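Visitor: One file: structure24.tsv (TSV, C-alpha atoms).
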chain	number	residue	atom	x	y	z
Y	1	MET	CA	174.60	-3.63	35.45
Y	2	THR	CA	173.77	-0.01	36.25
Y	3	ALA	CA	170.28	-0.48	34.81
Y	4	PHE	CA	169.77	-3.47	37.09
Y	5	PHE	CA	170.75	-1.45	40.18
Y	6	ILE	CA	168.44	1.39	39.11
Y	7	TYR	CA	165.58	-1.06	38.59
Y	8	VAL	CA	166.07	-2.52	42.07
Y	9	ARG	CA	166.13	0.98	43.54
Y	10	PHE	CA	163.00	1.98	41.59
Y	11	GLN	CA	161.05	-1.16	42.45
Y	12	TYR	CA	161.99	-1.60	46.11
Y	13	GLY	CA	163.52	1.71	47.22
Y	14	LEU	CA	160.82	4.19	46.18
Y	15	SER	CA	157.34	4.65	47.56
Y	16	PRO	CA	154.27	4.12	45.31
Y	17	LEU	CA	153.83	7.90	44.93
Y	18	GLU	CA	157.52	8.38	44.07
Y	19	ARG	CA	157.31	5.64	41.45
Y	20	TYR	CA	154.28	7.31	39.85
Y	21	TYR	CA	155.78	10.81	39.71
Y	22	LEU	CA	159.33	9.78	38.67
Y	23	PRO	CA	158.59	10.10	34.90
Y	24	TYR	CA	157.05	13.55	35.56
Y	25	TYR	CA	160.06	14.50	37.68
Y	26	LEU	CA	162.42	13.67	34.82
Y	27	ARG	CA	160.17	15.15	32.14
Y	28	SER	CA	159.63	18.48	33.90
Y	29	GLU	CA	163.40	18.77	34.38
Y	30	MET	CA	164.29	18.08	30.75
Y	31	ALA	CA	161.29	19.71	29.05
Y	32	GLY	CA	161.72	22.87	31.15
Y	33	LEU	CA	164.90	23.63	29.21
Y	34	ALA	CA	163.00	23.99	25.93
Y	35	HIS	CA	159.29	24.42	26.74
Y	36	PRO	CA	157.71	26.55	29.46
Y	37	ALA	CA	154.69	24.28	29.90
Y	38	SER	CA	153.64	20.67	29.24
Y	39	THR	CA	150.63	18.43	29.81
Y	40	TYR	CA	150.50	16.25	32.93
Y	41	GLN	CA	147.98	14.18	34.94
Y	42	LEU	CA	148.38	14.43	38.69
Y	43	LEU	CA	146.93	12.06	41.28
Y	44	TYR	CA	144.02	13.14	43.48
Y	45	VAL	CA	142.06	11.67	46.38
Y	46	SER	CA	138.40	12.52	47.05
Y	47	ASP	CA	135.60	11.73	49.47
Y	48	ASP	CA	133.24	11.30	46.51
Y	49	LYS	CA	131.50	14.56	47.47
Y	50	SER	CA	133.09	17.97	47.43
Y	51	ARG	CA	136.46	17.45	49.08
Y	52	ALA	CA	139.46	16.61	46.86
Y	53	ARG	CA	143.18	17.24	47.08
Y	54	ALA	CA	146.48	16.07	45.56
Y	55	ALA	CA	147.46	12.62	46.74
Y	56	GLN	CA	150.23	12.39	49.32
Y	57	ASP	CA	152.60	9.60	50.15
Y	58	ALA	CA	150.53	8.47	53.13
Y	59	ASP	CA	147.41	8.18	50.97
Y	60	LEU	CA	148.82	5.41	48.77
Y	61	GLU	CA	149.89	1.82	49.08
Y	62	PRO	CA	150.87	-0.85	46.54
Y	63	GLY	CA	147.93	-2.15	44.58
Y	64	LEU	CA	145.79	-1.52	41.50
Y	65	THR	CA	142.98	1.00	41.07
Y	66	PRO	CA	140.71	0.87	37.97
Y	67	GLN	CA	139.91	4.17	36.22
Y	68	PHE	CA	136.95	5.31	34.18
Y	69	THR	CA	139.29	6.14	31.29
Y	70	GLY	CA	142.78	4.96	30.54
Y	71	ARG	CA	144.88	2.31	32.20
Y	72	PRO	CA	144.42	1.31	35.86
Y	73	LEU	CA	146.62	3.07	38.39
Y	74	PRO	CA	149.46	0.94	39.77
Y	75	VAL	CA	148.62	2.14	43.32
Y	76	ALA	CA	145.69	1.85	45.71
Y	77	LEU	CA	144.09	4.00	48.41
Y	78	SER	CA	145.67	3.33	51.81
Y	79	SER	CA	143.71	2.46	54.97
Y	80	GLN	CA	144.88	5.73	56.55
Y	81	ALA	CA	143.29	7.73	53.74
Y	82	ARG	CA	140.07	5.75	54.11
Y	83	GLN	CA	139.97	6.59	57.81
Y	84	GLN	CA	140.16	10.25	56.83
Y	85	GLY	CA	137.05	9.85	54.71
Y	86	PHE	CA	138.57	9.54	51.26
Y	87	ARG	CA	136.96	7.01	48.96
Y	88	LEU	CA	138.30	7.75	45.50
Y	89	LEU	CA	141.78	7.72	43.95
Y	90	PHE	CA	141.87	9.02	40.41
Y	91	ARG	CA	144.05	10.49	37.71
Y	92	GLU	CA	142.99	14.00	36.69
Y	93	GLN	CA	142.26	14.90	33.12
Y	94	PRO	CA	145.26	16.06	31.05
Y	95	ARG	CA	146.19	19.55	32.14
Y	96	SER	CA	148.89	22.03	31.21
Y	97	TYR	CA	151.39	22.96	33.95
Y	98	SER	CA	154.48	25.09	34.03
Y	99	ASN	CA	157.45	22.73	33.87
Y	100	LYS	CA	159.57	24.65	36.36
Y	101	THR	CA	156.69	25.16	38.80
Y	102	LEU	CA	155.62	21.54	38.65
Y	103	HIS	CA	159.19	20.35	38.99
Y	104	THR	CA	159.64	22.45	42.15
Y	105	TRP	CA	156.34	21.16	43.57
Y	106	ILE	CA	157.22	17.49	42.92
Y	107	GLU	CA	160.71	17.94	44.35
Y	108	HIS	CA	159.34	19.46	47.59
Y	109	TRP	CA	156.14	17.52	48.26
Y	110	VAL	CA	156.97	14.13	46.75
Y	111	TYR	CA	160.74	13.70	47.07
Y	112	ALA	CA	161.36	15.88	50.17
Y	113	ASP	CA	163.67	18.30	48.36
Y	114	VAL	CA	165.97	15.52	47.12
Y	115	PRO	CA	167.40	16.42	43.68
Y	116	ILE	CA	166.77	13.93	40.95
Y	117	TYR	CA	170.46	13.04	40.49
Y	118	GLN	CA	170.74	12.06	44.16
Y	119	LEU	CA	167.96	9.47	43.91
Y	120	PHE	CA	170.21	7.04	42.05
Y	121	THR	CA	173.71	8.20	43.01
Y	122	ALA	CA	174.62	4.95	44.77
Y	123	GLN	CA	173.33	2.91	41.84
Y	124	PHE	CA	175.46	4.86	39.37
Y	125	ILE	CA	178.52	4.37	41.59
Y	126	PHE	CA	177.88	0.62	41.83
Y	127	GLY	CA	177.43	0.50	38.07
Y	128	LEU	CA	180.70	2.33	37.43
Y	129	VAL	CA	182.56	0.00	39.80
Y	130	ALA	CA	181.06	-3.05	38.10
Y	131	PHE	CA	181.95	-1.59	34.70
Y	132	ALA	CA	185.55	-0.98	35.78
Y	133	LEU	CA	185.84	-4.56	37.06
Y	134	GLN	CA	184.39	-6.05	33.88
Y	135	LEU	CA	186.24	-3.77	31.46
Y	136	PRO	CA	189.48	-5.85	31.18
Y	137	PHE	CA	187.52	-9.03	30.45
Y	138	SER	CA	185.14	-7.25	28.08
Y	139	VAL	CA	187.99	-5.68	26.10
Y	140	ARG	CA	189.65	-9.05	25.66
Y	141	LYS	CA	186.38	-10.62	24.52
Y	142	ASP	CA	185.77	-7.75	22.11
Y	143	ILE	CA	189.26	-8.15	20.63
Y	144	GLN	CA	188.63	-11.85	20.10
Y	145	ARG	CA	185.25	-11.11	18.53
Y	146	ILE	CA	186.76	-8.50	16.19
Y	147	LYS	CA	189.51	-10.90	15.16
Y	148	GLY	CA	186.88	-13.54	14.51
Y	149	LEU	CA	184.93	-11.15	12.29
Y	150	ARG	CA	188.05	-10.07	10.44
Y	151	TYR	CA	189.93	-13.34	10.04
Y	152	GLY	CA	187.11	-15.84	10.40
Y	153	ARG	CA	186.28	-18.39	13.06
Y	154	ARG	CA	188.18	-21.69	13.36
Y	155	LEU	CA	185.82	-24.65	13.16
Y	156	LYS	CA	188.39	-27.45	13.49
Y	157	GLY	CA	192.03	-28.24	12.95
Y	158	PRO	CA	195.22	-27.06	14.65
Y	159	VAL	CA	195.77	-23.54	15.91
Y	160	LEU	CA	199.06	-21.78	16.68
Y	161	VAL	CA	199.34	-20.77	20.36
Y	162	ASN	CA	202.11	-19.78	22.73
Y	163	ALA	CA	203.52	-22.00	25.46
Y	164	LYS	CA	201.32	-20.56	28.22
Y	165	ASP	CA	198.06	-21.02	26.28
Y	166	PHE	CA	199.06	-24.54	25.24
Y	167	THR	CA	199.80	-25.60	28.81
Y	168	LYS	CA	196.50	-24.12	29.98
Y	169	ALA	CA	194.49	-25.71	27.15
Y	170	VAL	CA	195.78	-29.25	27.78
Y	171	SER	CA	196.14	-28.91	31.59
Y	172	GLY	CA	199.82	-29.70	31.31
Y	173	ASN	CA	201.40	-31.05	34.49
Y	174	GLY	CA	204.05	-33.38	33.10
Y	175	ILE	CA	207.27	-32.99	31.13
Y	176	GLY	CA	208.07	-29.38	30.18
Y	177	ILE	CA	209.93	-28.02	27.15
Y	178	ALA	CA	211.61	-24.62	27.41
Y	179	THR	CA	210.79	-22.17	24.61
Y	180	ASN	CA	212.11	-18.75	23.62
Y	181	ASP	CA	208.74	-16.95	23.78
Y	182	ALA	CA	207.84	-17.68	27.41
Y	183	LYS	CA	209.50	-17.87	30.80
Y	184	LEU	CA	207.55	-20.96	31.84
Y	185	PRO	CA	208.05	-24.19	29.88
Y	186	LEU	CA	205.47	-25.73	27.59
Y	187	ARG	CA	204.07	-28.71	29.50
Y	188	ILE	CA	202.05	-31.74	28.47
Y	189	PRO	CA	199.68	-33.81	30.64
Y	190	ARG	CA	201.38	-36.47	32.74
Y	191	ASP	CA	199.09	-39.20	31.42
Y	192	ALA	CA	199.98	-38.26	27.80
Y	193	GLU	CA	203.73	-38.75	28.18
Y	194	ASN	CA	203.57	-42.32	26.86
Y	195	LYS	CA	202.12	-41.15	23.53
Y	196	HIS	CA	203.99	-40.12	20.40
Y	197	PHE	CA	205.89	-36.86	19.89
Y	198	LEU	CA	206.69	-35.48	16.45
Y	199	ILE	CA	209.72	-33.17	16.60
Y	200	VAL	CA	210.40	-31.60	13.19
Y	201	GLY	CA	213.19	-29.15	12.34
Y	202	ASP	CA	216.26	-28.50	10.24
Y	203	THR	CA	219.74	-29.59	11.23
Y	204	GLY	CA	220.88	-27.65	14.28
Y	205	SER	CA	217.39	-26.37	15.14
Y	206	GLY	CA	217.37	-28.09	18.54
Y	207	LYS	CA	215.67	-31.46	18.12
Y	208	SER	CA	218.31	-33.25	20.18
Y	209	SER	CA	218.15	-30.48	22.80
Y	210	ILE	CA	214.44	-31.12	23.28
Y	211	ILE	CA	215.13	-34.83	23.80
Y	212	ARG	CA	217.82	-33.92	26.34
Y	213	GLN	CA	215.33	-31.74	28.22
Y	214	MET	CA	212.94	-34.67	28.42
Y	215	LEU	CA	215.64	-37.09	29.57
Y	216	TYR	CA	216.85	-34.69	32.27
Y	217	GLN	CA	213.32	-34.47	33.68
Y	218	VAL	CA	212.80	-38.24	33.49
Y	219	ASP	CA	216.08	-38.69	35.37
Y	220	ALA	CA	215.12	-36.08	37.99
Y	221	ARG	CA	211.82	-37.84	38.64
Y	222	GLY	CA	213.52	-41.21	39.02
Y	223	ASP	CA	211.60	-42.73	36.09
Y	224	SER	CA	212.92	-45.05	33.37
Y	225	ALA	CA	213.29	-44.37	29.66
Y	226	ILE	CA	214.14	-46.39	26.56
Y	227	VAL	CA	216.32	-44.36	24.18
Y	228	TYR	CA	217.00	-45.38	20.59
Y	229	ASP	CA	220.39	-43.78	20.05
Y	230	PRO	CA	222.00	-44.91	16.75
Y	231	ALA	CA	224.56	-42.06	16.89
Y	232	CYS	CA	225.47	-42.86	20.52
Y	233	GLU	CA	225.19	-39.19	21.50
Y	234	PHE	CA	222.86	-39.71	24.47
Y	235	VAL	CA	224.56	-42.78	25.92
Y	236	LYS	CA	227.72	-40.74	26.52
Y	237	GLN	CA	225.78	-38.17	28.52
Y	238	PHE	CA	223.17	-40.18	30.39
Y	239	TYR	CA	224.59	-43.70	30.82
Y	240	ASP	CA	225.17	-44.55	34.50
Y	241	GLU	CA	226.32	-48.04	35.34
Y	242	HIS	CA	225.66	-47.59	39.06
Y	243	ARG	CA	222.04	-46.69	38.32
Y	244	GLY	CA	221.57	-49.97	36.50
Y	245	ASP	CA	221.41	-48.59	32.95
Y	246	ILE	CA	221.56	-51.17	30.15
Y	247	VAL	CA	223.10	-50.75	26.71
Y	248	LEU	CA	221.57	-52.97	24.02
Y	249	ASN	CA	224.23	-52.89	21.32
Y	250	PRO	CA	226.01	-56.06	20.18
Y	251	LEU	CA	229.07	-53.96	19.31
Y	252	ASP	CA	229.29	-52.49	22.83
Y	253	ALA	CA	231.12	-54.44	25.54
Y	254	ARG	CA	228.65	-53.10	28.12
Y	255	MET	CA	225.77	-55.01	26.55
Y	256	PRO	CA	224.56	-57.89	28.75
Y	257	TYR	CA	224.43	-61.43	27.40
Y	258	TRP	CA	221.47	-62.06	25.11
Y	259	ASN	CA	220.60	-65.14	23.16
Y	260	PRO	CA	217.76	-64.83	20.63
Y	261	SER	CA	217.01	-68.50	21.18
Y	262	LYS	CA	216.00	-67.67	24.75
Y	263	GLU	CA	213.21	-65.45	23.41
Y	264	LEU	CA	211.34	-68.48	22.06
Y	265	ARG	CA	208.54	-69.83	24.19
Y	266	ARG	CA	207.72	-72.39	21.53
Y	267	LYS	CA	209.44	-73.49	18.34
Y	268	ALA	CA	206.66	-72.06	16.15
Y	269	GLU	CA	207.83	-68.55	17.07
Y	270	ALA	CA	211.24	-69.06	15.44
Y	271	LYS	CA	210.06	-68.01	11.97
Y	272	ALA	CA	208.48	-64.77	13.26
Y	273	LEU	CA	211.67	-63.88	15.14
Y	274	ALA	CA	213.86	-64.63	12.15
Y	275	VAL	CA	211.68	-62.49	9.86
Y	276	SER	CA	211.81	-59.57	12.29
Y	277	LEU	CA	215.61	-59.72	12.61
Y	278	TYR	CA	216.46	-60.23	8.93
Y	279	GLN	CA	214.80	-57.69	6.61
Y	280	PRO	CA	217.27	-56.68	3.89
Y	281	GLU	CA	216.49	-53.71	1.65
Y	282	GLY	CA	216.82	-53.54	-2.10
Y	283	VAL	CA	216.66	-57.33	-2.65
Y	284	THR	CA	214.33	-58.10	-5.53
Y	285	ASN	CA	214.73	-61.88	-5.52
Y	286	ARG	CA	212.65	-63.25	-2.67
Y	287	PHE	CA	214.80	-66.37	-2.54
Y	288	PHE	CA	217.69	-64.44	-1.01
Y	289	VAL	CA	215.34	-63.03	1.62
Y	290	GLU	CA	213.28	-66.04	2.62
Y	291	ALA	CA	216.09	-68.62	2.49
Y	292	PRO	CA	218.27	-66.96	5.19
Y	293	GLN	CA	215.17	-66.41	7.32
Y	294	LYS	CA	214.25	-70.08	7.15
Y	295	ILE	CA	217.81	-71.16	7.91
Y	296	PHE	CA	218.06	-68.83	10.88
Y	297	ALA	CA	214.68	-70.00	12.16
Y	298	HIS	CA	215.81	-73.61	11.81
Y	299	LEU	CA	218.95	-72.88	13.83
Y	300	LEU	CA	216.98	-71.10	16.55
Y	301	THR	CA	214.91	-74.22	17.20
Y	302	TYR	CA	218.06	-75.99	18.42
Y	303	LEU	CA	218.54	-73.27	21.08
Y	304	PRO	CA	222.31	-72.98	20.46
Y	305	THR	CA	224.59	-71.19	22.89
Y	306	PRO	CA	227.32	-68.79	21.69
Y	307	ASP	CA	229.95	-71.51	22.17
Y	308	GLU	CA	227.90	-73.93	20.09
Y	309	LEU	CA	227.51	-71.33	17.35
Y	310	ILE	CA	231.29	-70.78	17.30
Y	311	ASN	CA	231.99	-74.52	17.20
Y	312	THR	CA	229.38	-74.94	14.46
Y	313	ARG	CA	231.00	-72.14	12.48
Y	314	ALA	CA	234.38	-73.93	12.71
Y	315	ALA	CA	232.74	-77.16	11.64
Y	316	GLY	CA	231.23	-75.27	8.74
Y	317	PHE	CA	234.65	-74.39	7.36
Y	318	HIS	CA	235.61	-78.07	7.57
Y	319	ASN	CA	232.43	-79.03	5.70
Y	320	ILE	CA	233.20	-76.55	2.94
Y	321	VAL	CA	236.61	-78.10	2.42
Y	322	ARG	CA	235.12	-81.60	2.47
Y	323	LEU	CA	232.37	-80.71	0.03
Y	324	THR	CA	234.74	-79.14	-2.47
Y	325	ARG	CA	236.81	-82.33	-2.69
Y	326	ILE	CA	233.84	-84.38	-3.89
Y	327	GLU	CA	234.23	-84.95	-7.62
Y	328	ASN	CA	231.85	-86.01	-10.43
Y	329	VAL	CA	228.72	-85.08	-8.45
Y	330	ASP	CA	225.82	-83.28	-10.12
Y	331	SER	CA	225.35	-80.07	-8.17
Y	332	SER	CA	221.60	-79.93	-8.85
Y	333	GLN	CA	221.16	-83.47	-7.60
Y	334	LYS	CA	223.19	-82.67	-4.49
Y	335	LYS	CA	220.97	-79.69	-3.66
Y	336	ALA	CA	217.85	-81.71	-3.99
Y	337	GLU	CA	219.13	-84.56	-1.81
Y	338	ASP	CA	220.67	-82.55	1.02
Y	339	PRO	CA	219.94	-78.83	0.73
Y	340	VAL	CA	220.55	-77.86	4.35
Y	341	PRO	CA	224.40	-78.31	4.50
Y	342	TRP	CA	224.84	-76.09	1.44
Y	343	PHE	CA	222.89	-73.26	2.97
Y	344	CYS	CA	224.40	-73.82	6.39
Y	345	CYS	CA	227.89	-73.53	5.00
Y	346	CYS	CA	227.03	-70.35	3.19
Y	347	LEU	CA	225.32	-68.81	6.24
Y	348	LEU	CA	228.02	-69.82	8.72
Y	349	ASN	CA	230.80	-68.46	6.57
Y	350	ARG	CA	229.28	-65.08	5.63
Could you write out this file's structure as structure tokens?

Guide:
Amino acid sequence: MTAFFIYVRFQYGLSPLERYYLPYYLRSEMAGLAHPASTYQLLYVSDDKSRARAAQDADLEPGLTPQFTGRPLPVALSSQARQQGFRLLFREQPRSYSNKTLHTWIEHWVYADVPIYQLFTAQFIFGLVAFALQLPFSVRKDIQRIKGLRYGRRLKGPVLVNAKDFTKAVSGNGIGIATNDAKLPLRIPRDAENKHFLIVGDTGSGKSSIIRQMLYQVDARGDSAIVYDPACEFVKQFYDEHRGDIVLNPLDARMPYWNPSKELRRKAEAKALAVSLYQPEGVTNRFFVEAPQKIFAHLLTYLPTPDELINTRAAGFHNIVRLTRIENVDSSQKKAEDPVPWFCCCLLNR
């Protein structure tokens, strides 16, 4: 940044003569500490006859002047110098000058007794201010770069971050989870709240506490939530009858009336509902899995009410008694002729 300010000052803040003599000004200052004399080429103007003198600031203007030897001069003869009769602008042949004497001459006649360090004082100050402002960001970037060189650069996969960095990375503005390493909670985006959360931890590590934090915030926002609570630990804390909360538990008196038969829009859905409700584990014989499902699906197609199920259950006991009194009947033949009552009796009396 300092170099940029110095370049702007050199290109637009100095006159053509000052730009030409600036390298000599610096060189005579530095070389004078070790060498008494050095070789230089000063600028001269001439009338192409006998009159010639060292070029002054008023004799030059921006432009380009070809030379007989060497590179063209990055300046041109001004109209004022031409009015005075000068026609030539040239670079003298290399000549040895005393460093201190030449430095004093350049300082007085070219830079009006302005020391070299004062030419770019403002630029150095601006550069230092810019450096001070950029230093905190540069240090952080350098630390990240050094860590990348030492530990490698992550190409893909998860990375461990704190709560603040996580919230910033995902633009979290939704539900927050309090953590021990930050004052502000770890937040997720509002539009990502309906996605899955995986909360993993040992017993007593705080999994239920995280769920409570979420439920408190859902309640505070006036939103709704469906909670699967097999241990009934959240229903004791969050259930509010006046708010219209519903408990779906057939063993809880607060559960509203529900008839699985009412879920059927057509009879063909009975088998799918029966399969979803009856899925025993550890049964190797498929007969004892599929048979109850088929029986339950068959009963659902009649759309029975709870009273009808109770009356049918009572009738089932009567059928069991009646069937046991039948003598001299082949059981295999009876199953083949009328299989449904046998299964119905077994199902209704389980």

Visitor: Which of these residues is nearest to Glu61 (chain Y), using all atoms listed in the file: Y:Arg190, Y:Lys207, Y:Arg82, Y:Arg91?

Guide: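 Residue with the minimum atom-to-atom distance to Glu61 (chain Y): Y:Arg82.
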
Visitor: Might you pull out every residue within 9 Å of Asn162 (chain Y), with all atoms listed in the file counted and same-chain residues fewer than 3 positions away left off, and present them as a count of residues only?

Guide: 6

Visitor: Using all atoms listed in the file, which residue out of Y:Asp223, Y:Pro36, Y:Pro260, Y:Leu17 lies closest to Asp245 (chain Y)?

Guide: Y:Asp223

Visitor: Using all atoms listed in the file, which residues sit within 6 Å of region 262-275 of chain Y once same-chain residues fewer than 3 positions away are excluded, as an mmCIF file with C-alpha atoms, in the frame of the given file?

Guide:
data_model
loop_
_atom_site.group_PDB
_atom_site.id
_atom_site.type_symbol
_atom_site.label_atom_id
_atom_site.label_comp_id
_atom_site.auth_asym_id
_atom_site.auth_seq_id
_atom_site.Cartn_x
_atom_site.Cartn_y
_atom_site.Cartn_z
ATOM 1 C CA ASN Y 259 220.600 -65.140 23.160
ATOM 2 C CA TYR Y 278 216.460 -60.230 8.930
ATOM 3 C CA GLN Y 293 215.170 -66.410 7.320
ATOM 4 C CA ALA Y 297 214.680 -70.000 12.160
ATOM 5 C CA THR Y 301 214.910 -74.220 17.200
#

Visitor: For Phe86 (chain Y), which residue out of Y:Leu73, Y:Ile106, Y:Ser38, Y:Asp59 is the nearest one, using all atoms listed in the file?

Guide: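 Comparing Y:Leu73, Y:Ile106, Y:Ser38, Y:Asp59 against Phe86 (chain Y), the winner is Y:Asp59.
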
Visitor: So how far away is CA of Val129 (chain Y) from CA of Leu26 (chain Y), in Å?

Guide: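 Between CA of Leu26 (chain Y) and CA of Val129 (chain Y) the gap works out to 24.8 Å.
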
Visitor: To one decimal place in Å, what is the distance between CA of Tyr21 (chain Y) and CA of Leu42 (chain Y)?

Guide: 8.3 Å

Visitor: Which residues, protein or nucleic acid, reach to within 6 Å of (152.0, 23.9, 33.7) in the file's coordinates when using only C-alpha atoms, and can you give that as a list in words?

Guide: Ala37, Ser38, Ser96, Tyr97, Ser98 and Asn99 of chain Y

Visitor: For CA of Lys164 (chain Y) and CA of Leu184 (chain Y), quote the distance in Å rounded to one decimal.

Guide: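 For CA of Lys164 (chain Y) relative to CA of Leu184 (chain Y), the distance reads 7.2 Å.
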
Visitor: Given all atoms listed in the file as the basis, pick out the residue of Y:Trp258, Y:Tyr7, Y:Tyr40, Y:Phe288 nearest to His103 (chain Y).

Guide: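 Using all atoms listed in the file, the shortest distance to His103 (chain Y) belongs to Y:Tyr40.
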
Visitor: May I have the protein, DNA and RNA residues with an atom at most 12 Å from (213.3, -48.1, 29.1), counting only C-alpha atoms in the file's coordinates, returned as a list in words?

Guide: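 Those residues, ordered by chain and then number, are Asn194, Leu215, Val218, Asp219, Asp223, Ser224, Ala225, Ile226, Val227, Tyr228, Gly244, Asp245, Ile246, Val247 and Leu248 of chain Y.
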
Visitor: Would you list the contacts of Phe5 (chain Y) as a short mmCIF file (atom, residue, chain, number, x, y, z; two decimals) with C-alpha atoms, keeping the file's coordinate frame, taking every protein, DNA or RNA residue within 10 Å and counting all atoms listed in the file, but skipping same-chain residues closer than 5 positions in sequence?

Guide:
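Once everything was written out, this is selection26.cif:
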data_model
loop_
_atom_site.label_atom_id
_atom_site.label_comp_id
_atom_site.auth_asym_id
_atom_site.auth_seq_id
_atom_site.Cartn_x
_atom_site.Cartn_y
_atom_site.Cartn_z
CA PHE Y 10 163.00 1.98 41.59
CA GLN Y 11 161.05 -1.16 42.45
CA PHE Y 120 170.21 7.04 42.05
CA ALA Y 122 174.62 4.95 44.77
CA GLN Y 123 173.33 2.91 41.84
CA PHE Y 124 175.46 4.86 39.37
CA ILE Y 125 178.52 4.37 41.59
CA PHE Y 126 177.88 0.62 41.83
CA GLY Y 127 177.43 0.50 38.07
#

Visitor: Can I get a file of region 204-219 of chain Y from the given structure, N, CA and C atoms kept, as a tab-separated table (two decimals), in the first residue's frame?

Guide:
chain	number	residue	atom	x	y	z
Y	204	GLY	N	-27.11	-39.36	30.54
Y	204	GLY	CA	-26.86	-38.21	31.39
Y	204	GLY	C	-26.04	-37.11	30.76
Y	205	SER	N	-25.73	-37.23	29.46
Y	205	SER	CA	-24.92	-36.20	28.80
Y	205	SER	C	-25.72	-34.99	28.37
Y	206	GLY	N	-27.06	-35.07	28.39
Y	206	GLY	CA	-27.86	-33.89	28.07
Y	206	GLY	C	-28.68	-33.99	26.81
Y	207	LYS	N	-28.94	-35.19	26.31
Y	207	LYS	CA	-29.74	-35.31	25.10
Y	207	LYS	C	-31.17	-34.80	25.33
Y	208	SER	N	-31.76	-35.22	26.45
Y	208	SER	CA	-33.12	-34.76	26.74
Y	208	SER	C	-33.15	-33.26	27.01
Y	209	SER	N	-32.10	-32.71	27.56
Y	209	SER	CA	-32.04	-31.26	27.81
Y	209	SER	C	-32.06	-30.48	26.50
Y	210	ILE	N	-31.38	-31.00	25.48
Y	210	ILE	CA	-31.39	-30.34	24.18
Y	210	ILE	C	-32.81	-30.35	23.59
Y	211	ILE	N	-33.50	-31.48	23.73
Y	211	ILE	CA	-34.88	-31.55	23.23
Y	211	ILE	C	-35.76	-30.57	23.98
Y	212	ARG	N	-35.54	-30.44	25.30
Y	212	ARG	CA	-36.33	-29.47	26.07
Y	212	ARG	C	-36.07	-28.05	25.60
Y	213	GLN	N	-34.82	-27.73	25.30
Y	213	GLN	CA	-34.50	-26.40	24.77
Y	213	GLN	C	-35.28	-26.13	23.49
Y	214	MET	N	-35.32	-27.11	22.62
Y	214	MET	CA	-36.06	-26.94	21.36
Y	214	MET	C	-37.55	-26.74	21.62
Y	215	LEU	N	-38.12	-27.56	22.52
Y	215	LEU	CA	-39.55	-27.47	22.79
Y	215	LEU	C	-39.91	-26.15	23.45
Y	216	TYR	N	-39.07	-25.64	24.33
Y	216	TYR	CA	-39.32	-24.34	24.93
Y	216	TYR	C	-39.39	-23.24	23.86
Y	217	GLN	N	-38.49	-23.29	22.89
Y	217	GLN	CA	-38.48	-22.27	21.85
Y	217	GLN	C	-39.66	-22.42	20.90
Y	218	VAL	N	-40.03	-23.67	20.60
Y	218	VAL	CA	-41.22	-23.89	19.77
Y	218	VAL	C	-42.46	-23.35	20.48
Y	219	ASP	N	-42.55	-23.59	21.79
Y	219	ASP	CA	-43.68	-23.08	22.56
Y	219	ASP	C	-43.69	-21.56	22.59
